[in-house]
Each structure stands twice: as structure tokens, then as C-alpha cells.
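Everything on this sheet refers to the single structure shown next.
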Amino acid sequence: MHIGILTITFSLPGCRSLKEKRQRMGGMHERFGRNPAVAVCESGEHNRHDASEWSFVVVAASRREVESQCSQIEEKIQCTVEGRIIKVTRELL
């Protein structure tokens, strides 16, 4: 069993409230958490309205599958999130 942790930090330019932040980032948990091999949570920047950090824990039978799933998550996020990706980190355990 292989585990990967993908952490993505976003800048949300022009976001003026936590409510607007929830609207922009909304659906992240539902979109990626449906997959039984992925756990999703907002892991940082909870009280800032202009930034957000999300972590994805991916479990798979091989390292290659973990890396593939992490790449797919990154690609989907780039197309769906209304914000700028500032930092991406991957950790394989």
C-alpha cells in the first residue's frame, strides 16, 4: 500500500469574505472525496478570506497509481477553482 499527500495552497484575489471563499472553493470536498481512495480537507488558511490550503491523501496499491491520481487532482483543480495556485507539495510515504 502506498500513500501520497498532495497539498495545494491557493491565492484568492478579490475575495472579500469567508462566505465568498466558501463559494469559490465550494464543492472541492464533494468533487474529490467521492473517490474511496482519496481523503480531502481544508488543511490551512481557515480564517483568511484571500487564501486557502487543501490537502488530499491518496491511497493506492502502487506508487505509480498514487502519482497518477495526484496529477489528475491537480489538473482538475486548475480547471475548476477560481483562484491562483501558489504552492503544490507532494509527499509519498
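Following the order of the C-alpha cells, first chain is A, next is B, and so on, with residues numbered from 1 inside each chain and ligands from 1 in the order they appear.
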Practice problem: Might you pull out every residue within 12 Å of A:Ser68, with only C-alpha atoms counted and same-chain residues fewer than 4 positions away left off, and present them as a VMD selection string? | Solution: chain A and resid 4 6 58 to 64 72 to 75 90
Writer output for current selection, N, CA, C and O atoms, as a compact mmCIF listing (two decimals), in the first residue's frame:
```
# COMPACT_ATOMS: atom_id res chain seq x y z
N GLY A 4 0.11 8.94 -0.66
CA GLY A 4 0.63 10.23 -1.10
C GLY A 4 -0.18 11.34 -0.48
O GLY A 4 -1.40 11.22 -0.31
N LEU A 6 -0.94 15.27 -1.14
CA LEU A 6 -0.87 16.40 -2.06
C LEU A 6 -1.45 17.61 -1.33
O LEU A 6 -2.59 17.56 -0.87
N VAL A 58 -4.00 10.32 -0.77
CA VAL A 58 -4.31 9.32 -1.80
C VAL A 58 -3.68 7.99 -1.41
O VAL A 58 -2.50 7.93 -1.08
N VAL A 59 -4.48 6.93 -1.46
CA VAL A 59 -4.00 5.59 -1.14
C VAL A 59 -4.20 4.71 -2.37
O VAL A 59 -5.27 4.72 -2.98
N ALA A 60 -3.16 3.95 -2.72
CA ALA A 60 -3.25 3.06 -3.87
C ALA A 60 -2.27 1.90 -3.71
O ALA A 60 -1.39 1.93 -2.85
N ALA A 61 -2.42 0.91 -4.56
CA ALA A 61 -1.59 -0.29 -4.50
C ALA A 61 -0.16 -0.04 -4.95
O ALA A 61 0.76 -0.73 -4.53
N SER A 62 0.04 0.96 -5.81
CA SER A 62 1.39 1.23 -6.30
C SER A 62 1.69 2.72 -6.24
O SER A 62 0.79 3.56 -6.25
N ARG A 63 2.96 3.03 -6.20
CA ARG A 63 3.42 4.42 -6.19
C ARG A 63 2.97 5.12 -7.48
O ARG A 63 2.57 6.29 -7.45
N ARG A 64 3.02 4.41 -8.57
CA ARG A 64 2.61 4.96 -9.86
C ARG A 64 1.14 5.40 -9.85
O ARG A 64 0.79 6.45 -10.37
N GLN A 72 -3.96 13.88 -11.63
CA GLN A 72 -5.34 14.10 -12.08
C GLN A 72 -6.03 15.14 -11.20
O GLN A 72 -6.76 16.00 -11.71
N ILE A 73 -5.81 15.08 -9.90
CA ILE A 73 -6.40 16.05 -8.99
C ILE A 73 -5.90 17.45 -9.33
O ILE A 73 -6.69 18.39 -9.44
N GLU A 74 -4.59 17.60 -9.50
CA GLU A 74 -4.01 18.90 -9.85
C GLU A 74 -4.62 19.46 -11.13
O GLU A 74 -4.97 20.63 -11.20
N GLU A 75 -4.73 18.63 -12.16
CA GLU A 75 -5.27 19.07 -13.44
C GLU A 75 -6.71 19.54 -13.30
O GLU A 75 -7.10 20.58 -13.84
N ARG A 90 4.06 17.56 -2.79
CA ARG A 90 3.69 16.13 -2.80
C ARG A 90 4.63 15.40 -1.87
O ARG A 90 5.84 15.62 -1.90
```
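Proximity of A:Cys41, A:Leu12, A:Ile85, A:Ile3 to A:Arg24, computed with only C-alpha atoms, is greatest for A:Leu12.
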Practice problem: Measuring atom to atom with only C-alpha atoms, identify which of A:Ser52, A:Gln69, A:Gln23, A:Asn47 is nearest to A:His2. | Solution: A:Gln69
Self-check item: Members of chain A assigned helix (DSSP H, G or I) by DSSP, as a ChimeraX atom specification
Solution: /A:18-25,28-33,63-80
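Proximity of A:Val81, A:Met28, A:Val88, A:Ala51 to A:Ser11, computed with only C-alpha atoms, is greatest for A:Ala51.
Distances to A:Val40 were evaluated for A:Met1, A:Cys70, A:Ile86, A:Val57 using only C-alpha atoms, and the minimum falls at A:Val57.
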Practice problem: Using DSSP on the backbone, list every residue of chain A that comes out as strand (DSSP E or B), and give them as an MDAnalysis selection string. | Solution: chainID A and resid 2:11 38:44 51:60 84:92
Taking C-alpha atoms for each residue, export the selection above as a tab-separated table (two decimals), in the first residue's frame.
```tsv
chain	number	residue	atom	x	y	z
A	2	HIS	CA	1.33	3.43	-0.97
A	3	ILE	CA	0.20	6.78	0.39
A	4	GLY	CA	0.63	10.23	-1.10
A	5	ILE	CA	-0.18	13.60	0.41
A	6	LEU	CA	-0.87	16.40	-2.06
A	7	THR	CA	-1.13	19.89	-0.53
A	8	ILE	CA	-2.19	22.86	-2.64
A	9	THR	CA	-2.16	26.48	-1.48
A	10	PHE	CA	-4.38	28.97	-3.30
A	11	SER	CA	-4.48	32.73	-3.54
A	38	VAL	CA	-8.92	9.96	-1.66
A	39	ALA	CA	-9.47	11.90	1.57
A	40	VAL	CA	-9.88	15.69	1.29
A	41	CYS	CA	-9.77	18.53	3.79
A	42	GLU	CA	-9.11	22.25	4.06
A	43	SER	CA	-5.83	21.99	5.95
A	44	GLY	CA	-4.82	25.60	6.38
A	51	ALA	CA	-6.17	32.28	0.70
A	52	SER	CA	-6.91	28.60	1.15
A	53	GLU	CA	-4.92	25.41	1.60
A	54	TRP	CA	-6.26	21.96	0.80
A	55	SER	CA	-4.74	18.54	1.37
A	56	PHE	CA	-5.54	15.31	-0.43
A	57	VAL	CA	-4.47	11.94	0.93
A	58	VAL	CA	-4.31	9.32	-1.80
A	59	VAL	CA	-4.00	5.59	-1.14
A	60	ALA	CA	-3.25	3.06	-3.87
A	84	ARG	CA	-4.37	31.03	-8.32
A	85	ILE	CA	-2.30	28.08	-7.23
A	86	ILE	CA	0.63	29.41	-5.22
A	87	LYS	CA	2.27	26.24	-3.99
A	88	VAL	CA	1.97	22.50	-4.59
A	89	THR	CA	3.73	19.91	-2.46
A	90	ARG	CA	3.69	16.13	-2.80
A	91	GLU	CA	4.85	13.71	-0.17
A	92	LEU	CA	5.00	9.96	-0.76
```
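Across the model, the gap from atom CA of A:Arg16 to atom CA of A:Arg48 is 9.6 Å.
The coordinates place atom CA of A:His49 at 9.4 Å from atom CA of A:Pro13.
If you look at atom CA of A:Lys21 and atom CA of A:Glu67, they are 28.3 Å away from each other.
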Quiz prompt | Residue among A:Leu93, A:Ile77, A:His46, A:Gly83 lying closest to A:Gly27, counting only C-alpha atoms | solution = A:Ile77
